[in-house]
Amino acid sequence: MIYIDDHIWDFDLTAALAAVSPQRRDYAMQYVQELDRRLSVASYLLLKRALSLEYGMDSVPPFVFEPKGKPRLEGFPDIHFNLSHCRDAAVCVLAPHPVGIDVESIDRYDESLLHHMMNADECLRIAASKQPAAEFIRLWTMKESLLKLTGQGLADENLLSVLNEAHRYRFDTMVTSKYVCTVCTSATD
């Protein structure tokens with residue numbers, strides 16, 4: 001299930017910081033900008049709500065991290081989640097199988113970076129789109145959600161080829177006027 005908060009300025013940050021784990025509070029407070037702190041806390045609160053609704057859990061277990069940084073819930077190997085945020089929204093996905101999610105604001109994109117981040121076919125799809133910025137972000141969220149699903153992490157060497165095996169995965173994408181959100185799961189889940 002996907003949980004979204006796109007009202008980032010509508011909660012009391014001080015009260016919210018008191019409602020998250022010390023681990024997440026320390027993580028959120030590392031950010032200098034208030035918006036980044038809010039997004040970090042908002043995505044965690046979405047996870048807390050999801051765990052309560054779907055599993056009846058009163059709190060979020062501590063995170064443990066895989067070698068490339070993918071978080072998992074300590075002691076709950078069968079509960080999979082992923083978090084993401086952009087300046088317009090925080091998102092959380094919870095599933096009984098591995099899952100990845102990414103959300104990105106729709107902005108103009110820097111065409112000088114296009115060929116660094118997209119392969120030739122993807123560049124053609126973007127150029128042919130009626131909304132090139134949204135298509136660029138849609139493809140980007142597909143790439144990042146897949147890399148988050150697999151725990152590979154984002155690296156320059158895999159940006160151009162990451163979607164070459166896209167048929168092995170299922171992508172569910174939501175496009176709003178402000179952001180694009182994509183969830184990635186294995187095609188067999």
# chains A, B, ... in the order shown; residues from 1 in each chain; ligands from 1
$ closest_atom_pairs --of "range 120-156 of chain A" --to "range 92-111 of chain A" --cutoff "7 Å" --atoms "only C-alpha atoms" --output "CSV"
residue,atom,partner,partner_atom,distance
A:Ala133,CA,A:Arg108,CA,5.4
A:Ala134,CA,A:Ile106,CA,5.9
A:Ile137,CA,A:Ile106,CA,6.5
A:Thr141,CA,A:Asp102,CA,5.3
A:Glu144,CA,A:Asp102,CA,6.1
A:Ser145,CA,A:Ile101,CA,4.5
A:Leu146,CA,A:Gly100,CA,6.1
A:Lys148,CA,A:Gly100,CA,4.9
A:Leu149,CA,A:Gly100,CA,4.0
$ write_last_selection --atoms "C-alpha atoms" --output "PDB file, in the first residue's frame"
ATOM      1  CA  ALA A 133       9.744  17.251 -18.208  1.00  0.00           C
ATOM      2  CA  ALA A 134       7.084  14.866 -16.865  1.00  0.00           C
ATOM      3  CA  ILE A 137      10.765  12.440 -14.316  1.00  0.00           C
ATOM      4  CA  THR A 141      11.429   7.550 -10.921  1.00  0.00           C
ATOM      5  CA  GLU A 144      15.385   5.021  -8.956  1.00  0.00           C
ATOM      6  CA  SER A 145      12.503   2.875  -7.661  1.00  0.00           C
ATOM      7  CA  LEU A 146      14.045  -0.174  -9.360  1.00  0.00           C
ATOM      8  CA  LYS A 148      15.863   1.000  -4.439  1.00  0.00           C
ATOM      9  CA  LEU A 149      13.948  -2.284  -4.845  1.00  0.00           C
TER      10      LEU A 149
END
$ residues_around --residues "Arg170 in chain A" --least-positions-apart "3" --cutoff "7 Å" --atoms "only C-alpha atoms" --output "list in words"
Cys184, Thr185, Ser186 and Ala187 of chain A
$ atom_distance --atom1 "CA of Lys70 in chain A" --atom2 "CA of Gly151 in chain A"
5.6 Å
$ residues_around --residues "Asn119 in chain A" --least-positions-apart "3" --cutoff "8 Å" --atoms "only C-alpha atoms" --output "PyMOL selection string"
chain A and resi 115-116+122-123+160-161
$ write_last_selection --atoms "N, CA and C atoms" --output "PDB file, in the first residue's frame"
ATOM      1  N   HIS A 115      21.765  13.106 -21.589  1.00  0.00           N
ATOM      2  CA  HIS A 115      22.477  11.946 -22.153  1.00  0.00           C
ATOM      3  C   HIS A 115      23.338  11.231 -21.115  1.00  0.00           C
ATOM      4  N   HIS A 116      23.586  11.884 -20.014  1.00  0.00           N
ATOM      5  CA  HIS A 116      24.315  11.258 -18.912  1.00  0.00           C
ATOM      6  C   HIS A 116      23.388  10.349 -18.096  1.00  0.00           C
ATOM      7  N   GLU A 122      15.491   6.269 -24.425  1.00  0.00           N
ATOM      8  CA  GLU A 122      14.809   7.093 -23.429  1.00  0.00           C
ATOM      9  C   GLU A 122      14.820   8.565 -23.851  1.00  0.00           C
ATOM     10  N   CYS A 123      15.922   9.012 -24.407  1.00  0.00           N
ATOM     11  CA  CYS A 123      16.006  10.399 -24.895  1.00  0.00           C
ATOM     12  C   CYS A 123      14.978  10.639 -25.996  1.00  0.00           C
ATOM     13  N   LEU A 160      22.301   4.434 -17.451  1.00  0.00           N
ATOM     14  CA  LEU A 160      21.840   4.260 -18.824  1.00  0.00           C
ATOM     15  C   LEU A 160      21.197   2.902 -19.065  1.00  0.00           C
ATOM     16  N   SER A 161      21.596   1.901 -18.315  1.00  0.00           N
ATOM     17  CA  SER A 161      21.121   0.541 -18.589  1.00  0.00           C
ATOM     18  C   SER A 161      20.148  -0.008 -17.559  1.00  0.00           C
TER      19      SER A 161
END
$ atom_distance --atom1 "CA of Tyr55 in chain A" --atom2 "CA of Arg87 in chain A"
29.0 Å
$ closest_residue --among "A:Cys181, A:Leu83, A:Pro77, A:Lys130" --to "Ser40 in chain A" --atoms "only C-alpha atoms"
A:Leu83
$ atom_distance --atom1 "CA of Ser43 in chain A" --atom2 "CA of Met118 in chain A"
27.9 Å
$ residues_around --residues "Gln23 in chain A" --least-positions-apart "2" --cutoff "12 Å" --atoms "only C-alpha atoms" --output "PDB file with N, CA and C atoms, in the first residue's frame"
ATOM      1  N   LEU A  17       8.722  15.656  15.726  1.00  0.00           N
ATOM      2  CA  LEU A  17      10.038  15.131  16.115  1.00  0.00           C
ATOM      3  C   LEU A  17       9.951  14.336  17.411  1.00  0.00           C
ATOM      4  N   ALA A  18       9.054  14.743  18.301  1.00  0.00           N
ATOM      5  CA  ALA A  18       8.873  14.012  19.557  1.00  0.00           C
ATOM      6  C   ALA A  18       8.181  12.672  19.330  1.00  0.00           C
ATOM      7  N   ALA A  19       7.497  12.524  18.189  1.00  0.00           N
ATOM      8  CA  ALA A  19       6.733  11.302  17.910  1.00  0.00           C
ATOM      9  C   ALA A  19       7.510  10.269  17.106  1.00  0.00           C
ATOM     10  N   VAL A  20       8.743  10.598  16.715  1.00  0.00           N
ATOM     11  CA  VAL A  20       9.549   9.645  15.944  1.00  0.00           C
ATOM     12  C   VAL A  20      10.621   9.043  16.839  1.00  0.00           C
ATOM     13  N   SER A  21      11.217   7.971  16.364  1.00  0.00           N
ATOM     14  CA  SER A  21      12.264   7.300  17.141  1.00  0.00           C
ATOM     15  C   SER A  21      13.494   8.202  17.263  1.00  0.00           C
ATOM     16  N   ARG A  25      14.915  10.829  14.562  1.00  0.00           N
ATOM     17  CA  ARG A  25      15.081  12.223  14.975  1.00  0.00           C
ATOM     18  C   ARG A  25      16.510  12.688  14.696  1.00  0.00           C
ATOM     19  N   ASP A  26      17.491  11.869  15.067  1.00  0.00           N
ATOM     20  CA  ASP A  26      18.891  12.219  14.796  1.00  0.00           C
ATOM     21  C   ASP A  26      19.144  12.351  13.300  1.00  0.00           C
ATOM     22  N   TYR A  27      18.562  11.445  12.525  1.00  0.00           N
ATOM     23  CA  TYR A  27      18.721  11.481  11.075  1.00  0.00           C
ATOM     24  C   TYR A  27      18.104  12.765  10.510  1.00  0.00           C
ATOM     25  N   ALA A  28      16.899  13.091  10.915  1.00  0.00           N
ATOM     26  CA  ALA A  28      16.213  14.284  10.408  1.00  0.00           C
ATOM     27  C   ALA A  28      16.948  15.561  10.796  1.00  0.00           C
ATOM     28  N   MET A  29      17.491  15.592  11.992  1.00  0.00           N
ATOM     29  CA  MET A  29      18.157  16.801  12.473  1.00  0.00           C
ATOM     30  C   MET A  29      19.505  17.041  11.800  1.00  0.00           C
ATOM     31  N   GLN A  30      20.003  16.067  11.066  1.00  0.00           N
ATOM     32  CA  GLN A  30      21.238  16.280  10.302  1.00  0.00           C
ATOM     33  C   GLN A  30      21.019  17.246   9.146  1.00  0.00           C
ATOM     34  N   SER A  40      11.807  14.322   5.918  1.00  0.00           N
ATOM     35  CA  SER A  40      12.332  13.133   6.572  1.00  0.00           C
ATOM     36  C   SER A  40      11.370  12.630   7.644  1.00  0.00           C
ATOM     37  N   VAL A  41      10.864  13.551   8.447  1.00  0.00           N
ATOM     38  CA  VAL A  41       9.926  13.182   9.512  1.00  0.00           C
ATOM     39  C   VAL A  41       8.598  12.708   8.900  1.00  0.00           C
ATOM     40  N   TYR A  44       8.753   9.135   7.636  1.00  0.00           N
ATOM     41  CA  TYR A  44       8.783   8.208   8.770  1.00  0.00           C
ATOM     42  C   TYR A  44       7.396   8.078   9.402  1.00  0.00           C
ATOM     43  N   VAL A  60       7.578   1.958  15.307  1.00  0.00           N
ATOM     44  CA  VAL A  60       8.420   1.498  14.211  1.00  0.00           C
ATOM     45  C   VAL A  60       9.679   0.864  14.805  1.00  0.00           C
ATOM     46  N   PRO A  61       9.946  -0.399  14.474  1.00  0.00           N
ATOM     47  CA  PRO A  61      11.181  -1.008  14.952  1.00  0.00           C
ATOM     48  C   PRO A  61      12.395  -0.248  14.413  1.00  0.00           C
ATOM     49  N   PRO A  62      13.529  -0.375  15.065  1.00  0.00           N
ATOM     50  CA  PRO A  62      14.735   0.287  14.547  1.00  0.00           C
ATOM     51  C   PRO A  62      15.051  -0.189  13.130  1.00  0.00           C
ATOM     52  N   PHE A  63      15.657   0.700  12.370  1.00  0.00           N
ATOM     53  CA  PHE A  63      16.115   0.337  11.031  1.00  0.00           C
ATOM     54  C   PHE A  63      17.465  -0.353  11.133  1.00  0.00           C
ATOM     55  N   VAL A  64      17.659  -1.354  10.300  1.00  0.00           N
ATOM     56  CA  VAL A  64      18.974  -1.920  10.036  1.00  0.00           C
ATOM     57  C   VAL A  64      19.201  -1.711   8.544  1.00  0.00           C
TER      58      VAL A  64
END
$ select_by_dssp --residues "chain A" --states "helix (DSSP H, G or I)" --output "ChimeraX atom specification"
/A:13-18,22-29,34-55,111-117,120-128,132-150,156-158,166-168
$ write_last_selection --atoms "C-alpha atoms" --output "short mmCIF file (atom, residue, chain, number, x, y, z; two decimals), in the first residue's frame"
data_model
loop_
_atom_site.label_atom_id
_atom_site.label_comp_id
_atom_site.auth_asym_id
_atom_site.auth_seq_id
_atom_site.Cartn_x
_atom_site.Cartn_y
_atom_site.Cartn_z
CA LEU A 13 7.57 19.87 13.37
CA THR A 14 8.51 20.04 17.06
CA ALA A 15 5.63 17.74 18.03
CA ALA A 16 6.38 15.43 15.10
CA LEU A 17 10.04 15.13 16.12
CA ALA A 18 8.87 14.01 19.56
CA PRO A 22 15.55 8.74 18.41
CA GLN A 23 17.22 7.10 15.39
CA ARG A 24 14.97 9.00 12.96
CA ARG A 25 15.08 12.22 14.98
CA ASP A 26 18.89 12.22 14.80
CA TYR A 27 18.72 11.48 11.08
CA ALA A 28 16.21 14.28 10.41
CA MET A 29 18.16 16.80 12.47
CA GLU A 34 13.57 22.89 7.67
CA LEU A 35 11.91 21.50 4.53
CA ASP A 36 14.32 18.57 4.46
CA ARG A 37 13.70 17.89 8.15
CA ARG A 38 9.95 17.97 7.56
CA LEU A 39 10.20 15.58 4.61
CA SER A 40 12.33 13.13 6.57
CA VAL A 41 9.93 13.18 9.51
CA ALA A 42 6.84 13.03 7.26
CA SER A 43 8.06 9.91 5.43
CA TYR A 44 8.78 8.21 8.77
CA LEU A 45 5.35 9.15 10.12
CA LEU A 46 3.81 7.60 7.00
CA LEU A 47 5.68 4.37 7.78
CA LYS A 48 4.48 4.54 11.38
CA ARG A 49 0.87 4.95 10.21
CA ALA A 50 1.22 2.15 7.64
CA LEU A 51 2.61 -0.28 10.21
CA SER A 52 -0.20 0.59 12.60
CA LEU A 53 -2.94 0.17 9.98
CA GLU A 54 -1.59 -2.93 8.26
CA TYR A 55 0.15 -4.78 11.10
CA GLU A 111 19.23 18.95 -21.25
CA SER A 112 23.01 18.90 -20.82
CA LEU A 113 22.55 16.10 -18.26
CA LEU A 114 19.99 14.20 -20.32
CA HIS A 115 22.48 11.95 -22.15
CA HIS A 116 24.31 11.26 -18.91
CA MET A 117 21.13 9.98 -17.25
CA ALA A 120 19.26 6.89 -26.60
CA ASP A 121 15.79 5.27 -26.61
CA GLU A 122 14.81 7.09 -23.43
CA CYS A 123 16.01 10.40 -24.90
CA LEU A 124 13.80 9.79 -27.96
CA ARG A 125 10.79 9.05 -25.71
CA ILE A 126 11.38 12.28 -23.82
CA ALA A 127 11.79 14.32 -27.02
CA ALA A 128 8.59 12.84 -28.51
CA PRO A 132 9.06 16.22 -21.82
CA ALA A 133 9.74 17.25 -18.21
CA ALA A 134 7.08 14.87 -16.86
CA GLU A 135 8.34 12.04 -19.12
CA PHE A 136 11.91 12.63 -17.95
CA ILE A 137 10.76 12.44 -14.32
CA ARG A 138 8.62 9.36 -15.00
CA LEU A 139 11.62 7.52 -16.43
CA TRP A 140 13.84 8.78 -13.61
CA THR A 141 11.43 7.55 -10.92
CA MET A 142 11.26 4.18 -12.66
CA LYS A 143 15.06 3.92 -12.55
CA GLU A 144 15.38 5.02 -8.96
CA SER A 145 12.50 2.88 -7.66
CA LEU A 146 14.05 -0.17 -9.36
CA LEU A 147 17.46 0.54 -7.86
CA LYS A 148 15.86 1.00 -4.44
CA LEU A 149 13.95 -2.28 -4.85
CA THR A 150 17.11 -4.21 -5.64
CA ASP A 156 26.63 6.56 -12.70
CA GLU A 157 27.60 3.28 -14.32
CA ASN A 158 24.07 1.88 -14.17
CA ALA A 166 12.33 -3.52 -17.07
CA HIS A 167 10.13 -6.38 -18.28
CA ARG A 168 11.15 -8.29 -15.15
#
$ closest_residue --among "A:Ser59, A:Ser129, A:Lys68, A:Asp88" --to "Thr176 in chain A" --atoms "only C-alpha atoms"
A:Asp88
$ select_by_dssp --residues "range 1-159 of chain A" --states "strand (DSSP E or B)" --output "ChimeraX atom specification"
/A:2-5,63-65,71-73,80-86,89-95,100-105
$ decode --residues "range 110-154 of chain A" --atoms "N, CA and C atoms" --output "PDB file, in the first residue's frame"
ATOM      1  N   ASP A 110      17.630  19.660 -17.044  1.00  0.00           N
ATOM      2  CA  ASP A 110      18.816  20.203 -17.686  1.00  0.00           C
ATOM      3  C   ASP A 110      19.181  19.294 -18.855  1.00  0.00           C
ATOM      4  N   GLU A 111      18.971  19.777 -20.070  1.00  0.00           N
ATOM      5  CA  GLU A 111      19.228  18.948 -21.251  1.00  0.00           C
ATOM      6  C   GLU A 111      20.690  18.532 -21.363  1.00  0.00           C
ATOM      7  N   SER A 112      21.598  19.286 -20.758  1.00  0.00           N
ATOM      8  CA  SER A 112      23.006  18.900 -20.823  1.00  0.00           C
ATOM      9  C   SER A 112      23.276  17.621 -20.023  1.00  0.00           C
ATOM     10  N   LEU A 113      22.402  17.323 -19.045  1.00  0.00           N
ATOM     11  CA  LEU A 113      22.550  16.099 -18.256  1.00  0.00           C
ATOM     12  C   LEU A 113      21.770  14.922 -18.842  1.00  0.00           C
ATOM     13  N   LEU A 114      20.888  15.216 -19.781  1.00  0.00           N
ATOM     14  CA  LEU A 114      19.989  14.204 -20.320  1.00  0.00           C
ATOM     15  C   LEU A 114      20.727  12.951 -20.788  1.00  0.00           C
ATOM     16  N   HIS A 115      21.765  13.106 -21.589  1.00  0.00           N
ATOM     17  CA  HIS A 115      22.477  11.946 -22.153  1.00  0.00           C
ATOM     18  C   HIS A 115      23.338  11.231 -21.115  1.00  0.00           C
ATOM     19  N   HIS A 116      23.586  11.884 -20.014  1.00  0.00           N
ATOM     20  CA  HIS A 116      24.315  11.258 -18.912  1.00  0.00           C
ATOM     21  C   HIS A 116      23.388  10.349 -18.096  1.00  0.00           C
ATOM     22  N   MET A 117      22.087  10.687 -18.095  1.00  0.00           N
ATOM     23  CA  MET A 117      21.131   9.978 -17.247  1.00  0.00           C
ATOM     24  C   MET A 117      20.188   9.049 -18.004  1.00  0.00           C
ATOM     25  N   MET A 118      20.043   9.271 -19.304  1.00  0.00           N
ATOM     26  CA  MET A 118      19.106   8.493 -20.108  1.00  0.00           C
ATOM     27  C   MET A 118      19.816   7.918 -21.334  1.00  0.00           C
ATOM     28  N   ASN A 119      19.405   6.708 -21.728  1.00  0.00           N
ATOM     29  CA  ASN A 119      19.991   6.123 -22.933  1.00  0.00           C
ATOM     30  C   ASN A 119      19.305   6.707 -24.167  1.00  0.00           C
ATOM     31  N   ALA A 120      19.751   6.305 -25.350  1.00  0.00           N
ATOM     32  CA  ALA A 120      19.256   6.892 -26.599  1.00  0.00           C
ATOM     33  C   ALA A 120      17.742   6.701 -26.761  1.00  0.00           C
ATOM     34  N   ASP A 121      17.236   5.506 -26.488  1.00  0.00           N
ATOM     35  CA  ASP A 121      15.790   5.265 -26.611  1.00  0.00           C
ATOM     36  C   ASP A 121      14.990   6.132 -25.644  1.00  0.00           C
ATOM     37  N   GLU A 122      15.491   6.269 -24.425  1.00  0.00           N
ATOM     38  CA  GLU A 122      14.809   7.093 -23.429  1.00  0.00           C
ATOM     39  C   GLU A 122      14.820   8.565 -23.851  1.00  0.00           C
ATOM     40  N   CYS A 123      15.922   9.012 -24.407  1.00  0.00           N
ATOM     41  CA  CYS A 123      16.006  10.399 -24.895  1.00  0.00           C
ATOM     42  C   CYS A 123      14.978  10.639 -25.996  1.00  0.00           C
ATOM     43  N   LEU A 124      14.807   9.668 -26.893  1.00  0.00           N
ATOM     44  CA  LEU A 124      13.800   9.792 -27.959  1.00  0.00           C
ATOM     45  C   LEU A 124      12.394   9.854 -27.377  1.00  0.00           C
ATOM     46  N   ARG A 125      12.108   9.030 -26.361  1.00  0.00           N
ATOM     47  CA  ARG A 125      10.791   9.049 -25.710  1.00  0.00           C
ATOM     48  C   ARG A 125      10.518  10.406 -25.070  1.00  0.00           C
ATOM     49  N   ILE A 126      11.524  10.970 -24.453  1.00  0.00           N
ATOM     50  CA  ILE A 126      11.377  12.282 -23.819  1.00  0.00           C
ATOM     51  C   ILE A 126      11.137  13.353 -24.882  1.00  0.00           C
ATOM     52  N   ALA A 127      11.921  13.327 -25.949  1.00  0.00           N
ATOM     53  CA  ALA A 127      11.786  14.325 -27.017  1.00  0.00           C
ATOM     54  C   ALA A 127      10.426  14.234 -27.701  1.00  0.00           C
ATOM     55  N   ALA A 128       9.871  13.040 -27.828  1.00  0.00           N
ATOM     56  CA  ALA A 128       8.592  12.842 -28.506  1.00  0.00           C
ATOM     57  C   ALA A 128       7.386  13.136 -27.603  1.00  0.00           C
ATOM     58  N   SER A 129       7.612  13.282 -26.326  1.00  0.00           N
ATOM     59  CA  SER A 129       6.515  13.482 -25.377  1.00  0.00           C
ATOM     60  C   SER A 129       5.924  14.883 -25.480  1.00  0.00           C
ATOM     61  N   LYS A 130       4.623  14.970 -25.240  1.00  0.00           N
ATOM     62  CA  LYS A 130       3.965  16.277 -25.170  1.00  0.00           C
ATOM     63  C   LYS A 130       4.379  17.027 -23.913  1.00  0.00           C
ATOM     64  N   GLN A 131       4.832  16.282 -22.906  1.00  0.00           N
ATOM     65  CA  GLN A 131       5.306  16.873 -21.654  1.00  0.00           C
ATOM     66  C   GLN A 131       6.687  16.290 -21.334  1.00  0.00           C
ATOM     67  N   PRO A 132       7.719  16.805 -21.994  1.00  0.00           N
ATOM     68  CA  PRO A 132       9.057  16.217 -21.824  1.00  0.00           C
ATOM     69  C   PRO A 132       9.547  16.194 -20.377  1.00  0.00           C
ATOM     70  N   ALA A 133       9.272  17.235 -19.601  1.00  0.00           N
ATOM     71  CA  ALA A 133       9.744  17.251 -18.208  1.00  0.00           C
ATOM     72  C   ALA A 133       9.085  16.132 -17.403  1.00  0.00           C
ATOM     73  N   ALA A 134       7.789  15.932 -17.584  1.00  0.00           N
ATOM     74  CA  ALA A 134       7.084  14.866 -16.865  1.00  0.00           C
ATOM     75  C   ALA A 134       7.571  13.490 -17.321  1.00  0.00           C
ATOM     76  N   GLU A 135       7.832  13.333 -18.617  1.00  0.00           N
ATOM     77  CA  GLU A 135       8.338  12.041 -19.124  1.00  0.00           C
ATOM     78  C   GLU A 135       9.733  11.766 -18.583  1.00  0.00           C
ATOM     79  N   PHE A 136      10.574  12.785 -18.538  1.00  0.00           N
ATOM     80  CA  PHE A 136      11.907  12.631 -17.954  1.00  0.00           C
ATOM     81  C   PHE A 136      11.788  12.158 -16.505  1.00  0.00           C
ATOM     82  N   ILE A 137      10.932  12.803 -15.725  1.00  0.00           N
ATOM     83  CA  ILE A 137      10.765  12.440 -14.316  1.00  0.00           C
ATOM     84  C   ILE A 137      10.152  11.052 -14.185  1.00  0.00           C
ATOM     85  N   ARG A 138       9.217  10.698 -15.047  1.00  0.00           N
ATOM     86  CA  ARG A 138       8.620   9.358 -15.003  1.00  0.00           C
ATOM     87  C   ARG A 138       9.698   8.294 -15.193  1.00  0.00           C
ATOM     88  N   LEU A 139      10.539   8.480 -16.198  1.00  0.00           N
ATOM     89  CA  LEU A 139      11.624   7.515 -16.434  1.00  0.00           C
ATOM     90  C   LEU A 139      12.615   7.513 -15.262  1.00  0.00           C
ATOM     91  N   TRP A 140      12.905   8.696 -14.740  1.00  0.00           N
ATOM     92  CA  TRP A 140      13.839   8.780 -13.613  1.00  0.00           C
ATOM     93  C   TRP A 140      13.289   8.040 -12.397  1.00  0.00           C
ATOM     94  N   THR A 141      12.002   8.225 -12.088  1.00  0.00           N
ATOM     95  CA  THR A 141      11.429   7.550 -10.921  1.00  0.00           C
ATOM     96  C   THR A 141      11.368   6.039 -11.135  1.00  0.00           C
ATOM     97  N   MET A 142      11.203   5.617 -12.376  1.00  0.00           N
ATOM     98  CA  MET A 142      11.260   4.179 -12.658  1.00  0.00           C
ATOM     99  C   MET A 142      12.652   3.644 -12.334  1.00  0.00           C
ATOM    100  N   LYS A 143      13.680   4.356 -12.791  1.00  0.00           N
ATOM    101  CA  LYS A 143      15.061   3.919 -12.545  1.00  0.00           C
ATOM    102  C   LYS A 143      15.359   3.876 -11.044  1.00  0.00           C
ATOM    103  N   GLU A 144      15.033   4.957 -10.370  1.00  0.00           N
ATOM    104  CA  GLU A 144      15.385   5.021  -8.956  1.00  0.00           C
ATOM    105  C   GLU A 144      14.586   4.028  -8.119  1.00  0.00           C
ATOM    106  N   SER A 145      13.298   3.846  -8.431  1.00  0.00           N
ATOM    107  CA  SER A 145      12.503   2.875  -7.661  1.00  0.00           C
ATOM    108  C   SER A 145      13.018   1.455  -7.884  1.00  0.00           C
ATOM    109  N   LEU A 146      13.463   1.144  -9.088  1.00  0.00           N
ATOM    110  CA  LEU A 146      14.045  -0.174  -9.360  1.00  0.00           C
ATOM    111  C   LEU A 146      15.349  -0.365  -8.585  1.00  0.00           C
ATOM    112  N   LEU A 147      16.197   0.641  -8.593  1.00  0.00           N
ATOM    113  CA  LEU A 147      17.465   0.540  -7.856  1.00  0.00           C
ATOM    114  C   LEU A 147      17.224   0.444  -6.349  1.00  0.00           C
ATOM    115  N   LYS A 148      16.196   1.101  -5.860  1.00  0.00           N
ATOM    116  CA  LYS A 148      15.863   1.000  -4.439  1.00  0.00           C
ATOM    117  C   LYS A 148      15.273  -0.373  -4.112  1.00  0.00           C
ATOM    118  N   LEU A 149      14.479  -0.931  -5.031  1.00  0.00           N
ATOM    119  CA  LEU A 149      13.948  -2.284  -4.845  1.00  0.00           C
ATOM    120  C   LEU A 149      15.078  -3.292  -4.708  1.00  0.00           C
ATOM    121  N   THR A 150      16.019  -3.225  -5.619  1.00  0.00           N
ATOM    122  CA  THR A 150      17.106  -4.208  -5.635  1.00  0.00           C
ATOM    123  C   THR A 150      18.198  -3.913  -4.612  1.00  0.00           C
ATOM    124  N   GLY A 151      18.184  -2.710  -4.056  1.00  0.00           N
ATOM    125  CA  GLY A 151      19.205  -2.343  -3.077  1.00  0.00           C
ATOM    126  C   GLY A 151      20.542  -2.009  -3.707  1.00  0.00           C
ATOM    127  N   GLN A 152      20.566  -1.830  -5.035  1.00  0.00           N
ATOM    128  CA  GLN A 152      21.829  -1.530  -5.724  1.00  0.00           C
ATOM    129  C   GLN A 152      22.337  -0.130  -5.447  1.00  0.00           C
ATOM    130  N   GLY A 153      21.433   0.791  -5.268  1.00  0.00           N
ATOM    131  CA  GLY A 153      21.840   2.166  -5.087  1.00  0.00           C
ATOM    132  C   GLY A 153      22.101   2.835  -6.422  1.00  0.00           C
ATOM    133  N   LEU A 154      22.159   4.124  -6.375  1.00  0.00           N
ATOM    134  CA  LEU A 154      22.319   4.937  -7.565  1.00  0.00           C
ATOM    135  C   LEU A 154      23.797   5.114  -7.870  1.00  0.00           C
TER     136      LEU A 154
END
